[in-house]
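Text of the file target-v1.cif, holding mmCIF, C-alpha atoms:
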data_work
#
loop_
_atom_site.label_atom_id
_atom_site.label_comp_id
_atom_site.auth_asym_id
_atom_site.auth_seq_id
_atom_site.Cartn_x
_atom_site.Cartn_y
_atom_site.Cartn_z
CA MET S 1 -4.64 -0.88 34.29
CA LEU S 2 -5.68 1.98 32.00
CA ASN S 3 -2.90 4.46 31.19
CA THR S 4 -4.30 7.96 30.74
CA THR S 5 -1.02 9.89 30.85
CA SER S 6 0.79 8.76 27.66
CA LYS S 7 -0.10 10.03 24.22
CA LYS S 8 -2.00 7.56 22.09
CA ILE S 9 -0.16 5.57 19.44
CA TYR S 10 -2.44 4.86 16.47
CA LEU S 11 -2.54 1.80 14.25
CA SER S 12 -2.01 3.54 10.92
CA PRO S 13 -2.50 7.32 11.05
CA PRO S 14 -2.20 9.73 8.12
CA ASP S 15 1.36 10.86 7.38
CA LEU S 16 1.26 14.36 5.90
CA THR S 17 4.25 16.03 4.27
CA GLY S 18 3.16 19.68 4.22
CA GLN S 19 2.82 19.74 0.43
CA GLU S 20 -0.86 18.82 0.81
CA LYS S 21 -1.62 22.41 1.88
CA VAL S 22 0.02 23.74 -1.27
CA MET S 23 -2.16 21.55 -3.48
CA VAL S 24 -5.35 22.29 -1.53
CA ASN S 25 -4.66 26.02 -1.60
CA GLU S 26 -4.17 25.78 -5.35
CA ALA S 27 -7.62 24.20 -5.66
CA PHE S 28 -9.14 27.03 -3.62
CA ASP S 29 -7.20 29.74 -5.41
CA THR S 30 -8.42 28.50 -8.79
CA ASN S 31 -11.96 27.76 -7.54
CA TRP S 32 -11.72 24.07 -8.52
CA VAL S 33 -13.39 22.60 -5.43
CA ALA S 34 -15.99 20.33 -7.03
CA PRO S 35 -15.67 16.71 -8.27
CA VAL S 36 -13.98 18.01 -11.40
CA GLY S 37 -10.71 19.85 -11.95
CA PRO S 38 -7.04 19.67 -12.90
CA HIS S 39 -5.91 17.84 -9.74
CA ILE S 40 -8.26 14.95 -10.53
CA THR S 41 -6.96 14.56 -14.07
CA ALA S 42 -3.34 14.79 -12.92
CA PHE S 43 -3.82 12.40 -9.99
CA GLU S 44 -5.38 9.79 -12.25
CA GLN S 45 -2.50 10.02 -14.70
CA GLU S 46 0.15 9.95 -11.98
CA VAL S 47 -1.28 6.81 -10.36
CA ALA S 48 -1.66 5.13 -13.76
CA ASP S 49 1.95 5.98 -14.60
CA TYR S 50 3.19 4.78 -11.22
CA ILE S 51 1.64 1.31 -11.51
CA ASP S 52 2.07 1.17 -15.32
CA VAL S 53 -1.52 0.90 -16.56
CA LYS S 54 -3.29 2.82 -19.31
CA GLY S 55 -5.69 4.75 -17.13
CA ALA S 56 -7.43 5.42 -13.84
CA VAL S 57 -10.63 6.96 -12.48
CA ALA S 58 -10.53 8.81 -9.14
CA LEU S 59 -13.54 7.94 -6.99
CA SER S 60 -15.09 8.60 -3.59
CA SER S 61 -13.92 5.27 -2.12
CA GLY S 62 -12.34 1.93 -2.86
CA THR S 63 -15.74 0.35 -2.32
CA ALA S 64 -17.16 2.52 -5.12
CA ALA S 65 -14.32 1.31 -7.35
CA ILE S 66 -15.18 -2.35 -6.70
CA HIS S 67 -18.85 -1.62 -7.34
CA LEU S 68 -18.10 0.03 -10.69
CA ALA S 69 -15.78 -2.82 -11.67
CA LEU S 70 -18.60 -5.31 -11.07
CA LEU S 71 -21.04 -3.14 -13.03
CA LEU S 72 -18.60 -2.97 -15.94
CA LEU S 73 -18.30 -6.77 -15.85
CA ASN S 74 -22.11 -7.03 -16.06
CA VAL S 75 -22.49 -8.68 -12.66
CA GLY S 76 -26.19 -8.79 -11.84
CA ARG S 77 -28.87 -10.51 -9.86
CA GLU S 78 -28.31 -14.24 -9.23
CA ASP S 79 -24.79 -14.12 -10.70
CA ARG S 80 -21.90 -15.49 -8.69
CA VAL S 81 -18.70 -13.69 -7.70
CA PHE S 82 -15.81 -15.48 -6.00
CA CYS S 83 -14.01 -13.40 -3.36
CA SER S 84 -11.20 -13.76 -0.85
CA THR S 85 -12.62 -14.60 2.57
CA PHE S 86 -9.79 -13.10 4.62
CA THR S 87 -10.53 -9.42 4.08
CA PHE S 88 -12.57 -6.44 5.19
CA VAL S 89 -16.28 -6.55 4.39
CA ALA S 90 -15.92 -3.74 1.81
CA SER S 91 -14.39 -6.26 -0.60
CA ALA S 92 -17.66 -8.20 -0.76
CA ASN S 93 -20.42 -5.66 -0.06
CA PRO S 94 -20.55 -4.51 -3.72
CA ILE S 95 -21.38 -8.10 -4.71
CA MET S 96 -24.50 -7.74 -2.59
CA TYR S 97 -25.25 -4.30 -4.06
CA GLN S 98 -25.66 -6.04 -7.39
CA GLY S 99 -27.89 -8.77 -5.99
CA ALA S 100 -25.22 -11.34 -6.79
CA GLU S 101 -24.09 -14.29 -4.69
CA PRO S 102 -20.64 -14.23 -3.05
CA VAL S 103 -18.65 -17.43 -2.78
CA PHE S 104 -15.63 -17.18 -0.49
CA ILE S 105 -12.18 -18.60 -1.13
CA ASP S 106 -9.73 -19.42 1.66
CA SER S 107 -6.19 -18.11 2.09
CA GLU S 108 -3.00 -20.09 1.65
CA PRO S 109 -0.10 -20.19 4.13
CA GLU S 110 2.71 -18.46 2.22
CA SER S 111 1.00 -15.22 1.20
CA TRP S 112 -2.09 -15.31 3.49
CA ASN S 113 -4.00 -14.31 0.35
CA MET S 114 -6.38 -16.24 -1.90
CA SER S 115 -5.45 -19.90 -2.23
CA PRO S 116 -4.94 -20.86 -5.90
CA GLN S 117 -5.59 -24.44 -4.80
CA ALA S 118 -9.00 -23.59 -3.34
CA LEU S 119 -9.84 -21.31 -6.28
CA GLU S 120 -9.09 -24.03 -8.82
CA ARG S 121 -11.30 -26.49 -6.96
CA ALA S 122 -14.12 -23.93 -6.75
CA LEU S 123 -13.94 -23.06 -10.46
CA LYS S 124 -13.79 -26.71 -11.47
CA GLU S 125 -16.96 -27.44 -9.50
CA ALA S 126 -18.67 -24.30 -10.80
CA ALA S 127 -17.88 -25.28 -14.39
CA ALA S 128 -19.31 -28.76 -13.82
CA GLU S 129 -22.52 -27.14 -12.53
CA ASN S 130 -22.52 -24.61 -15.42
CA LYS S 131 -22.46 -21.81 -12.81
CA LEU S 132 -19.11 -20.12 -13.35
CA PRO S 133 -18.71 -16.78 -11.55
CA LYS S 134 -18.92 -13.50 -13.43
CA ALA S 135 -15.75 -12.33 -11.64
CA VAL S 136 -13.13 -13.20 -9.05
CA ILE S 137 -12.19 -10.52 -6.48
CA VAL S 138 -8.71 -11.26 -5.15
CA VAL S 139 -7.52 -9.17 -2.20
CA HIS S 140 -3.88 -8.19 -1.61
CA LEU S 141 -3.94 -8.29 2.17
CA TYR S 142 -2.06 -6.01 4.57
CA GLY S 143 0.17 -4.80 1.74
CA GLN S 144 1.15 -8.16 0.24
CA VAL S 145 0.26 -9.26 -3.29
CA ALA S 146 -1.51 -12.58 -3.84
CA LYS S 147 0.02 -15.29 -6.03
CA MET S 148 -1.22 -13.71 -9.22
CA GLN S 149 0.56 -15.98 -11.72
CA GLU S 150 -1.36 -19.00 -10.48
CA ILE S 151 -4.62 -17.11 -9.97
CA LEU S 152 -4.58 -15.51 -13.42
CA ARG S 153 -3.68 -18.81 -15.07
CA ILE S 154 -6.64 -20.55 -13.43
CA CYS S 155 -9.08 -17.74 -14.19
CA LYS S 156 -7.92 -17.56 -17.80
CA LEU S 157 -8.54 -21.28 -18.16
CA TYR S 158 -12.20 -20.70 -17.25
CA ASP S 159 -12.42 -17.27 -18.93
CA VAL S 160 -13.34 -15.50 -15.67
CA PRO S 161 -12.26 -11.85 -15.23
CA VAL S 162 -10.22 -10.78 -12.21
CA VAL S 163 -10.67 -7.70 -10.01
CA GLU S 164 -7.66 -6.91 -7.80
CA ASP S 165 -8.66 -5.37 -4.50
CA ALA S 166 -5.38 -3.58 -3.89
CA ALA S 167 -6.86 -1.20 -1.30
CA GLU S 168 -4.11 -2.08 1.18
CA SER S 169 -1.21 -2.65 -1.19
CA LEU S 170 -0.31 0.45 -3.20
CA GLY S 171 3.46 0.31 -3.60
CA ALA S 172 3.67 -3.49 -3.35
CA THR S 173 4.96 -5.57 -6.27
CA TYR S 174 4.90 -9.16 -7.50
CA PHE S 175 7.98 -10.17 -9.50
CA GLY S 176 8.45 -6.46 -10.14
CA ILE S 177 4.86 -5.86 -11.33
CA HIS S 178 2.74 -3.43 -9.35
CA SER S 179 -0.22 -4.52 -7.28
CA GLY S 180 -3.50 -3.65 -9.00
CA SER S 181 -2.09 -3.75 -12.55
CA MET S 182 -2.45 -7.44 -13.41
CA GLY S 183 -6.18 -8.15 -13.45
CA ASP S 184 -8.96 -6.77 -15.63
CA PHE S 185 -9.44 -4.06 -13.00
CA GLY S 186 -7.51 -2.90 -9.96
CA ILE S 187 -8.83 -0.83 -7.09
CA PHE S 188 -7.12 1.32 -4.48
CA SER S 189 -8.28 3.01 -1.30
CA PHE S 190 -7.05 6.37 -0.02
CA ASN S 191 -8.87 6.24 3.29
CA GLY S 192 -7.22 8.01 6.22
CA ASN S 193 -5.50 4.84 7.44
CA LYS S 194 -3.99 3.75 4.10
CA ILE S 195 -0.38 4.19 2.98
CA ILE S 196 -1.32 7.40 1.20
CA THR S 197 -4.55 9.25 1.85
CA THR S 198 -6.84 11.77 0.20
CA SER S 199 -8.77 11.91 3.52
CA GLY S 200 -11.28 9.59 1.86
CA GLY S 201 -11.31 8.26 -1.67
CA GLY S 202 -10.37 5.49 -4.03
CA MET S 203 -9.38 4.71 -7.57
CA LEU S 204 -10.29 2.26 -10.33
CA VAL S 205 -7.48 1.34 -12.73
CA SER S 206 -7.41 -0.70 -15.92
CA ASN S 207 -5.76 -1.16 -19.29
CA SER S 208 -9.15 -0.75 -20.97
CA GLU S 209 -9.58 2.96 -21.64
CA LYS S 210 -13.02 2.30 -23.09
CA LEU S 211 -14.27 0.72 -19.86
CA LEU S 212 -12.69 3.45 -17.76
CA GLU S 213 -14.55 6.07 -19.77
CA ARG S 214 -17.75 4.14 -19.04
CA ALA S 215 -16.79 4.17 -15.35
CA ARG S 216 -16.50 7.97 -15.41
CA PHE S 217 -19.93 8.19 -17.01
CA LEU S 218 -21.52 5.93 -14.37
CA ALA S 219 -19.69 7.69 -11.53
CA THR S 220 -21.15 11.08 -12.48
CA GLN S 221 -24.83 10.11 -12.39
CA ALA S 222 -24.77 8.69 -15.95
CA LYS S 223 -25.80 11.93 -17.62
CA ASP S 224 -26.41 11.44 -21.34
CA PRO S 225 -24.58 13.81 -23.74
CA ALA S 226 -27.53 16.15 -24.22
CA LEU S 227 -28.14 19.85 -23.56
CA HIS S 228 -30.91 18.97 -21.12
CA TYR S 229 -30.60 16.57 -18.18
CA GLN S 230 -31.31 13.16 -19.67
CA HIS S 231 -30.53 9.80 -18.08
CA SER S 232 -30.98 6.44 -19.79
CA VAL S 233 -29.25 4.25 -17.19
CA MET S 234 -28.79 4.41 -13.43
CA GLY S 235 -25.69 6.28 -12.31
CA PHE S 236 -23.88 7.07 -9.07
CA ASN S 237 -22.34 10.03 -7.28
CA TYR S 238 -18.92 8.39 -7.00
CA ARG S 239 -16.36 10.95 -8.20
CA MET S 240 -13.53 12.28 -6.04
CA SER S 241 -13.33 16.01 -5.35
CA ASN S 242 -10.54 18.13 -6.81
CA ILE S 243 -9.49 19.07 -3.25
CA SER S 244 -9.07 15.41 -2.27
CA ALA S 245 -7.17 14.70 -5.47
CA GLY S 246 -4.78 17.52 -4.61
CA ILE S 247 -4.04 15.87 -1.27
CA GLY S 248 -3.49 12.59 -3.08
CA ARG S 249 -1.03 14.11 -5.54
CA ALA S 250 1.11 15.44 -2.70
CA GLN S 251 0.93 12.11 -0.89
CA LEU S 252 1.85 10.10 -3.98
CA LYS S 253 5.16 11.96 -4.28
CA SER S 254 6.24 10.45 -0.95
CA LEU S 255 4.79 6.97 -1.48
CA ASN S 256 8.09 5.13 -1.90
CA GLY S 257 9.43 6.71 1.26
CA LYS S 258 6.31 5.72 3.18
CA VAL S 259 6.67 2.13 2.00
CA ASP S 260 10.32 2.10 3.08
CA ALA S 261 9.32 3.47 6.50
CA ARG S 262 6.63 0.81 7.00
CA ARG S 263 9.01 -1.93 5.96
CA SER S 264 11.49 -0.57 8.51
CA VAL S 265 8.79 -0.66 11.20
CA TYR S 266 8.10 -4.30 10.31
CA LYS S 267 11.80 -5.17 10.50
CA ASN S 268 12.14 -3.57 13.93
CA TYR S 269 9.25 -5.67 15.27
CA VAL S 270 10.75 -8.83 13.79
CA ASP S 271 14.25 -8.10 15.11
CA ASP S 272 12.96 -7.41 18.61
CA LEU S 273 10.21 -10.02 19.02
CA THR S 274 10.93 -13.18 17.01
CA SER S 275 13.34 -14.42 19.66
CA ILE S 276 10.24 -15.01 21.80
CA GLU S 277 9.06 -18.57 21.29
CA GLY S 278 5.52 -18.56 19.92
CA ILE S 279 5.70 -15.27 17.98
CA SER S 280 5.86 -15.11 14.18
CA PHE S 281 4.99 -12.56 11.51
CA MET S 282 3.30 -12.40 8.11
CA PRO S 283 5.91 -13.83 5.72
CA GLU S 284 7.13 -12.29 2.48
CA TYR S 285 7.22 -15.11 -0.05
CA HIS S 286 9.49 -15.45 -3.10
CA GLY S 287 8.67 -12.88 -5.77
CA SER S 288 6.68 -10.59 -3.50
CA PHE S 289 7.59 -7.15 -2.20
CA SER S 290 5.14 -6.13 0.51
CA SER S 291 4.35 -2.52 1.29
CA ARG S 292 3.76 -3.70 4.89
CA TRP S 293 0.68 -1.53 5.23
CA LEU S 294 0.21 -3.25 8.57
CA THR S 295 2.61 -5.44 10.49
CA VAL S 296 0.70 -8.57 11.56
CA MET S 297 1.96 -10.81 14.35
CA LEU S 298 0.80 -14.36 15.07
CA LEU S 299 0.60 -15.72 18.61
CA ASP S 300 1.01 -19.43 19.23
CA GLN S 301 -1.39 -19.68 22.14
CA THR S 302 -0.10 -23.10 23.21
CA LYS S 303 3.27 -21.48 23.97
CA LEU S 304 2.27 -17.99 25.05
CA ASN S 305 -1.01 -18.53 26.89
CA VAL S 306 -2.43 -15.24 25.63
CA THR S 307 -5.11 -14.59 23.03
CA PRO S 308 -5.06 -11.83 20.43
CA GLU S 309 -8.06 -10.26 22.16
CA GLN S 310 -6.21 -10.17 25.48
CA LEU S 311 -3.11 -8.59 23.94
CA VAL S 312 -5.16 -6.01 22.02
CA THR S 313 -7.10 -5.09 25.17
CA TYR S 314 -3.87 -4.77 27.15
CA LEU S 315 -2.26 -2.54 24.53
CA ASN S 316 -5.36 -0.39 24.20
CA ASP S 317 -5.27 0.12 27.97
CA GLN S 318 -1.75 1.45 27.47
CA MET S 319 -3.02 3.96 24.86
CA ILE S 320 -1.69 1.84 22.00
CA GLU S 321 -4.11 1.06 19.19
CA ALA S 322 -3.86 -2.56 18.03
CA ARG S 323 -6.47 -4.77 16.42
CA VAL S 324 -7.21 -8.40 15.76
CA VAL S 325 -7.03 -9.39 12.09
CA TRP S 326 -10.03 -9.49 9.75
CA LYS S 327 -12.70 -12.01 10.66
CA PRO S 328 -13.12 -14.25 7.57
CA LEU S 329 -16.21 -13.25 5.63
CA HIS S 330 -17.61 -16.78 5.48
CA LEU S 331 -17.88 -16.58 9.29
CA GLN S 332 -19.72 -13.24 9.26
CA PRO S 333 -23.47 -13.25 10.11
CA LEU S 334 -24.08 -11.11 7.01
CA PHE S 335 -22.90 -13.94 4.76
CA LYS S 336 -24.36 -16.90 6.63
CA GLY S 337 -25.14 -19.73 4.23
CA THR S 338 -22.87 -18.55 1.42
CA GLY S 339 -20.44 -20.90 -0.32
CA TYR S 340 -16.89 -21.32 0.94
CA TYR S 341 -13.87 -23.29 -0.25
CA SER S 342 -11.07 -24.04 2.21
CA HIS S 343 -7.41 -24.31 1.24
CA SER S 344 -7.70 -28.07 1.75
CA ASN S 345 -10.11 -30.39 3.52
CA ASP S 346 -8.19 -30.24 6.80
CA ASN S 347 -6.66 -26.78 6.54
CA HIS S 348 -8.77 -23.65 6.94
CA VAL S 349 -5.96 -21.11 6.74
CA ALA S 350 -7.97 -17.89 7.19
CA GLU S 351 -9.66 -19.24 10.31
CA LYS S 352 -6.30 -20.08 11.89
CA LEU S 353 -4.96 -16.63 11.06
CA TYR S 354 -8.07 -15.08 12.60
CA GLU S 355 -7.60 -17.09 15.79
CA ASN S 356 -3.98 -15.99 16.23
CA GLY S 357 -3.37 -12.67 14.47
CA VAL S 358 -2.75 -9.17 15.86
CA CYS S 359 -2.23 -5.97 13.83
CA LEU S 360 0.39 -3.72 15.40
CA PRO S 361 0.93 0.05 15.01
CA SER S 362 2.57 0.39 11.60
CA GLY S 363 2.41 4.03 10.50
CA SER S 364 5.14 5.46 8.33
CA ASN S 365 5.41 8.26 10.92
CA LEU S 366 5.78 5.89 13.91
CA SER S 367 8.86 7.11 15.76
CA PRO S 368 11.51 4.64 17.01
CA LYS S 369 10.71 5.79 20.56
CA ASP S 370 7.00 5.05 20.16
CA GLN S 371 7.72 1.70 18.55
CA GLN S 372 9.92 0.75 21.47
CA ARG S 373 7.03 1.65 23.76
CA VAL S 374 4.80 -0.74 21.82
CA ILE S 375 7.39 -3.50 21.98
CA LYS S 376 7.93 -2.93 25.70
CA HIS S 377 4.23 -3.34 26.46
CA ILE S 378 3.92 -6.43 24.24
CA LYS S 379 6.73 -8.03 26.24
CA GLU S 380 5.15 -6.99 29.53
CA CYS S 381 1.82 -8.52 28.54
CA LEU S 382 3.44 -11.77 27.42
CA LYS S 383 5.62 -11.94 30.51
CA HIS S 384 2.58 -11.59 32.74
CA SER S 385 0.62 -14.16 30.72
CA ILE S 386 3.22 -16.90 30.53
CA GLY S 387 4.64 -16.31 33.99
CA ARG S 388 8.29 -16.78 33.06
CA GLU S 389 10.75 -14.03 32.20
CA ALA S 390 13.45 -16.22 30.64
CA VAL S 391 11.93 -16.25 27.16
CA ILE S 392 11.69 -12.45 26.85
#
Would you kindly transcribe this structure into structure tokens?
Amino acid sequence: MLNTTSKKIYLSPPDLTGQEKVMVNEAFDTNWVAPVGPHITAFEQEVADYIDVKGAVALSSGTAAIHLALLLLNVGREDRVFCSTFTFVASANPIMYQGAEPVFIDSEPESWNMSPQALERALKEAAAENKLPKAVIVVHLYGQVAKMQEILRICKLYDVPVVEDAAESLGATYFGIHSGSMGDFGIFSFNGNKIITTSGGGMLVSNSEKLLERARFLATQAKDPALHYQHSVMGFNYRMSNISAGIGRAQLKSLNGKVDARRSVYKNYVDDLTSIEGISFMPEYHGSFSSRWLTVMLLDQTKLNVTPEQLVTYLNDQMIEARVVWKPLHLQPLFKGTGYYSHSNDNHVAEKLYENGVCLPSGSNLSPKDQQRVIKHIKECLKHSIGREAVI
């Protein structure tokens, strides 16, 4: 039954501090409202300092950052790019922009991210065919970093560069090293639903200042250094505005607190729901520190007799935004016929996660009262589905 009286609880809404207005007003007061200005320069430096890389380029989206990374790695028509399959489509669309061929790599059980085992098998076969990929895009899913030691070791063996899609994982670490700082390039998203937001935007980071300078050139329509408007290569309108960068600077100051809040939200779900047989959550494996961008719950349908779609529909009817997890890209109609490597012959990890996963409201501004409302309705749905109250 649809509830129209309660306020809606969102999956991952923006969490503003009030300092954003100060920064935006500063941009207006100084007339820096275009895709150039002091907030952009400062925001780039502050993000680079935070994750400990040499530089960053503020862009209009995380997708734009991936696209520029592929351009800088000379990915072109008929090239191959290996990519995590368990992710949002934005991770792979830039491969198609370049006319390249995506090949999808399964997840592994501990991190839910790219399987080093599947990646090694894929690279070994590609080397035997003399068709090594121009890049590997590894996604740090739902705020958790992939097993980068193994992935980087394998890619180094075959001399294949790595792009870290850290859109969902700013603030997460791997053995103390920040997400996005380990590959040849890292990318972040500041969309409205991310841990920090610029309303819309992204960032490309790297330890190659030379390549980052090239990225700035390409992101501003590739204008040659001439008095007249001269263009020798194709460019893009990909730069972030100074207003957006101001919002980002204010948000970045509270990043650690937002991560702590999301981790607390995750813990509350775990403490209240794992006593129910058939419920489990995305693990945090040894060496990882997840930002818990989203809390993801798995339903064992043999024990609970409810599907993720049924639970999501029920919660939405109660004015609670929940979603099923990403549909693996190798199952998407857009990528029909593309290559795919499973974790092992009899274990397709991403497909199992897709069949059983639910993303729960996880905002850093989710109040304890609202979280208890979410938990209450999850229990009510499960109680109705399994027909026995004793397990709740």
Measuring atom to atom with only C-alpha atoms, identify which of S:Arg239, S:Lys336, S:His348, S:Arg80 is nearest to Gly201 of chain S.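 Result for the nearest residue to Gly201 of chain S: S:Arg239.
Relative to atom CA of Thr41 of chain S, atom CA of Asn237 of chain S is found at 17.4 Å.
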Do you have the atom CA of Tyr285 of chain S-atom CA of Lys376 of chain S distance handy?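 Computing the Euclidean distance for atom CA of Tyr285 of chain S and atom CA of Lys376 of chain S yields 28.5 Å.
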In terms of the shortest atom-to-atom distance over only C-alpha atoms, which of S:Ala65, S:Ala146, S:Ala118, S:Leu218 is closest to Gly186 of chain S? S:Ala65
Given the file shown, determine the residues that the PyMOL selection byres ((chain S and resi 259-265) around 6) selects; report them as a PyMOL selection string. chain S and resi 256-258+266-268+291-292+364
Write a file of the just-selected residues containing C-alpha atoms, as an mmCIF file, keeping the file's coordinate frame.
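The result, stored in result-v2.cif:
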data_model
loop_
_atom_site.group_PDB
_atom_site.id
_atom_site.type_symbol
_atom_site.label_atom_id
_atom_site.label_comp_id
_atom_site.auth_asym_id
_atom_site.auth_seq_id
_atom_site.Cartn_x
_atom_site.Cartn_y
_atom_site.Cartn_z
ATOM 1 C CA ASN S 256 8.090 5.130 -1.900
ATOM 2 C CA GLY S 257 9.430 6.710 1.260
ATOM 3 C CA LYS S 258 6.310 5.720 3.180
ATOM 4 C CA TYR S 266 8.100 -4.300 10.310
ATOM 5 C CA LYS S 267 11.800 -5.170 10.500
ATOM 6 C CA ASN S 268 12.140 -3.570 13.930
ATOM 7 C CA SER S 291 4.350 -2.520 1.290
ATOM 8 C CA ARG S 292 3.760 -3.700 4.890
ATOM 9 C CA SER S 364 5.140 5.460 8.330
#
Smallest atom-to-atom distance to His286 of chain S: which of S:Thr173, S:Asn356, S:Ser254, S:Asn347, using only C-alpha atoms? S:Thr173
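You can rank S:Phe43, S:Phe335, S:Tyr158, S:Phe185 by their closest distance to Leu70 of chain S using only C-alpha atoms, and at the top of that list sits S:Phe185.
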I need the residue set behind the PyMOL selection byres ((chain S and resi 176) around 12) for this file; please write it as a ChimeraX atom specification. /S:51-52,145,171-175,177-179,181-182,286-290
May I have the residues from that selection written out with C-alpha atoms, as a tab-separated table (two decimals), keeping the file's coordinate frame?
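Generated output (again.tsv):
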chain	number	residue	atom	x	y	z
S	51	ILE	CA	1.64	1.31	-11.51
S	52	ASP	CA	2.07	1.17	-15.32
S	145	VAL	CA	0.26	-9.26	-3.29
S	171	GLY	CA	3.46	0.31	-3.60
S	172	ALA	CA	3.67	-3.49	-3.35
S	173	THR	CA	4.96	-5.57	-6.27
S	174	TYR	CA	4.90	-9.16	-7.50
S	175	PHE	CA	7.98	-10.17	-9.50
S	177	ILE	CA	4.86	-5.86	-11.33
S	178	HIS	CA	2.74	-3.43	-9.35
S	179	SER	CA	-0.22	-4.52	-7.28
S	181	SER	CA	-2.09	-3.75	-12.55
S	182	MET	CA	-2.45	-7.44	-13.41
S	286	HIS	CA	9.49	-15.45	-3.10
S	287	GLY	CA	8.67	-12.88	-5.77
S	288	SER	CA	6.68	-10.59	-3.50
S	289	PHE	CA	7.59	-7.15	-2.20
S	290	SER	CA	5.14	-6.13	0.51
Distance criterion (only C-alpha atoms): nearest to Thr307 of chain S out of S:Gly18, S:Gly357, S:Gly180, S:Gly192: S:Gly357
Pick out the closest residue to Glu309 of chain S from this set: S:Ala122, S:Ile378, S:Ala245, S:Val358. Count all atoms listed in the file. S:Val358
So that I can check the surroundings of His39 of chain S, please list as a ChimeraX atom specification every protein, DNA and RNA residue that reaches within 12 Å of it, counting only C-alpha atoms and ignoring chain neighbours fewer than 2 positions away. /S:20,22-28,30-37,41-47,58,198,240-250
Can you tell me, as a PyMOL selection string, what residues are no more than 9 Å from Gly62 of chain S when counting all atoms listed in the file, ignoring any on the same chain fewer than 2 positions away? chain S and resi 59-60+64-67+90-91+165-167+187-191+201-204
For the provided coordinates, the residues matched by the PyMOL selection byres ((chain S and resi 99) around 7) should be stated as a PyMOL selection string. chain S and resi 76-78+95-98+100-101
In Å, how far is it from atom CA of Pro361 of chain S to atom CA of Glu321 of chain S?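 Answer for the atom CA of Pro361 of chain S to atom CA of Glu321 of chain S separation: 6.6 Å.
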Residue neighbourhood Ala69 of chain S, 10 Å, only C-alpha atoms, exclusion window fewer than 4 positions, as a compact mmCIF listing (two decimals) with C-alpha atoms, in the coordinates of the input:
# COMPACT_ATOMS: atom_id res chain seq x y z
CA THR S 63 -15.74 0.35 -2.32
CA ALA S 64 -17.16 2.52 -5.12
CA ALA S 65 -14.32 1.31 -7.35
CA LEU S 73 -18.30 -6.77 -15.85
CA ASN S 74 -22.11 -7.03 -16.06
CA VAL S 75 -22.49 -8.68 -12.66
CA PRO S 94 -20.55 -4.51 -3.72
CA ALA S 135 -15.75 -12.33 -11.64
CA ILE S 137 -12.19 -10.52 -6.48
CA VAL S 162 -10.22 -10.78 -12.21
CA VAL S 163 -10.67 -7.70 -10.01
CA GLU S 164 -7.66 -6.91 -7.80
CA ASP S 184 -8.96 -6.77 -15.63
CA PHE S 185 -9.44 -4.06 -13.00
CA GLY S 186 -7.51 -2.90 -9.96
CA ILE S 187 -8.83 -0.83 -7.09
CA LEU S 204 -10.29 2.26 -10.33
CA VAL S 205 -7.48 1.34 -12.73
CA SER S 206 -7.41 -0.70 -15.92
CA LEU S 211 -14.27 0.72 -19.86
CA LEU S 212 -12.69 3.45 -17.76
CA ALA S 215 -16.79 4.17 -15.35
Listed atoms of segment 236-252 of chain S boxed axis-aligned with 5 Å per side, centre + edges as lines of an AutoDock Vina configuration file:
center_x = -11.0
center_y = 13.1
center_z = -5.0
size_x = 35.7
size_y = 22.0
size_z = 18.2
Contact residues around Ile151 of chain S with only C-alpha atoms at 9 Å, ignoring same-chain residues under 6 positions, as a CSV table (one decimal) with C-alpha atoms, keeping the file's coordinate frame:
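The resulting out.csv:
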chain,number,residue,atom,x,y,z
S,114,MET,CA,-6.4,-16.2,-1.9
S,115,SER,CA,-5.4,-19.9,-2.2
S,116,PRO,CA,-4.9,-20.9,-5.9
S,119,LEU,CA,-9.8,-21.3,-6.3
S,120,GLU,CA,-9.1,-24.0,-8.8
S,138,VAL,CA,-8.7,-11.3,-5.2
S,162,VAL,CA,-10.2,-10.8,-12.2
Would you fill the gaps in segment 182-187 of chain S so it has N, CA, C and O atoms, then print it as a PDB file, in the coordinates of the input?
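The file below, selection-v8.pdb, is the result:
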ATOM      1  N   MET S 182      -2.514  -6.153 -12.719  1.00  0.00           N
ATOM      2  CA  MET S 182      -2.450  -7.440 -13.410  1.00  0.00           C
ATOM      3  C   MET S 182      -3.804  -7.997 -13.838  1.00  0.00           C
ATOM      4  O   MET S 182      -3.900  -8.773 -14.792  1.00  0.00           O
ATOM      5  N   GLY S 183      -4.860  -7.643 -13.131  1.00  0.00           N
ATOM      6  CA  GLY S 183      -6.180  -8.150 -13.450  1.00  0.00           C
ATOM      7  C   GLY S 183      -6.887  -7.290 -14.487  1.00  0.00           C
ATOM      8  O   GLY S 183      -6.311  -6.364 -15.067  1.00  0.00           O
ATOM      9  N   ASP S 184      -8.159  -7.590 -14.726  1.00  0.00           N
ATOM     10  CA  ASP S 184      -8.960  -6.770 -15.630  1.00  0.00           C
ATOM     11  C   ASP S 184      -9.181  -5.378 -15.041  1.00  0.00           C
ATOM     12  O   ASP S 184      -9.233  -4.386 -15.779  1.00  0.00           O
ATOM     13  N   PHE S 185      -9.331  -5.323 -13.719  1.00  0.00           N
ATOM     14  CA  PHE S 185      -9.440  -4.060 -13.000  1.00  0.00           C
ATOM     15  C   PHE S 185      -8.624  -4.150 -11.718  1.00  0.00           C
ATOM     16  O   PHE S 185      -8.477  -5.232 -11.135  1.00  0.00           O
ATOM     17  N   GLY S 186      -8.115  -2.994 -11.275  1.00  0.00           N
ATOM     18  CA  GLY S 186      -7.510  -2.900  -9.960  1.00  0.00           C
ATOM     19  C   GLY S 186      -8.187  -1.779  -9.200  1.00  0.00           C
ATOM     20  O   GLY S 186      -8.687  -0.816  -9.803  1.00  0.00           O
ATOM     21  N   ILE S 187      -8.236  -1.896  -7.891  1.00  0.00           N
ATOM     22  CA  ILE S 187      -8.830  -0.830  -7.090  1.00  0.00           C
ATOM     23  C   ILE S 187      -7.901  -0.465  -5.938  1.00  0.00           C
ATOM     24  O   ILE S 187      -7.195  -1.319  -5.392  1.00  0.00           O
TER      25      ILE S 187
END
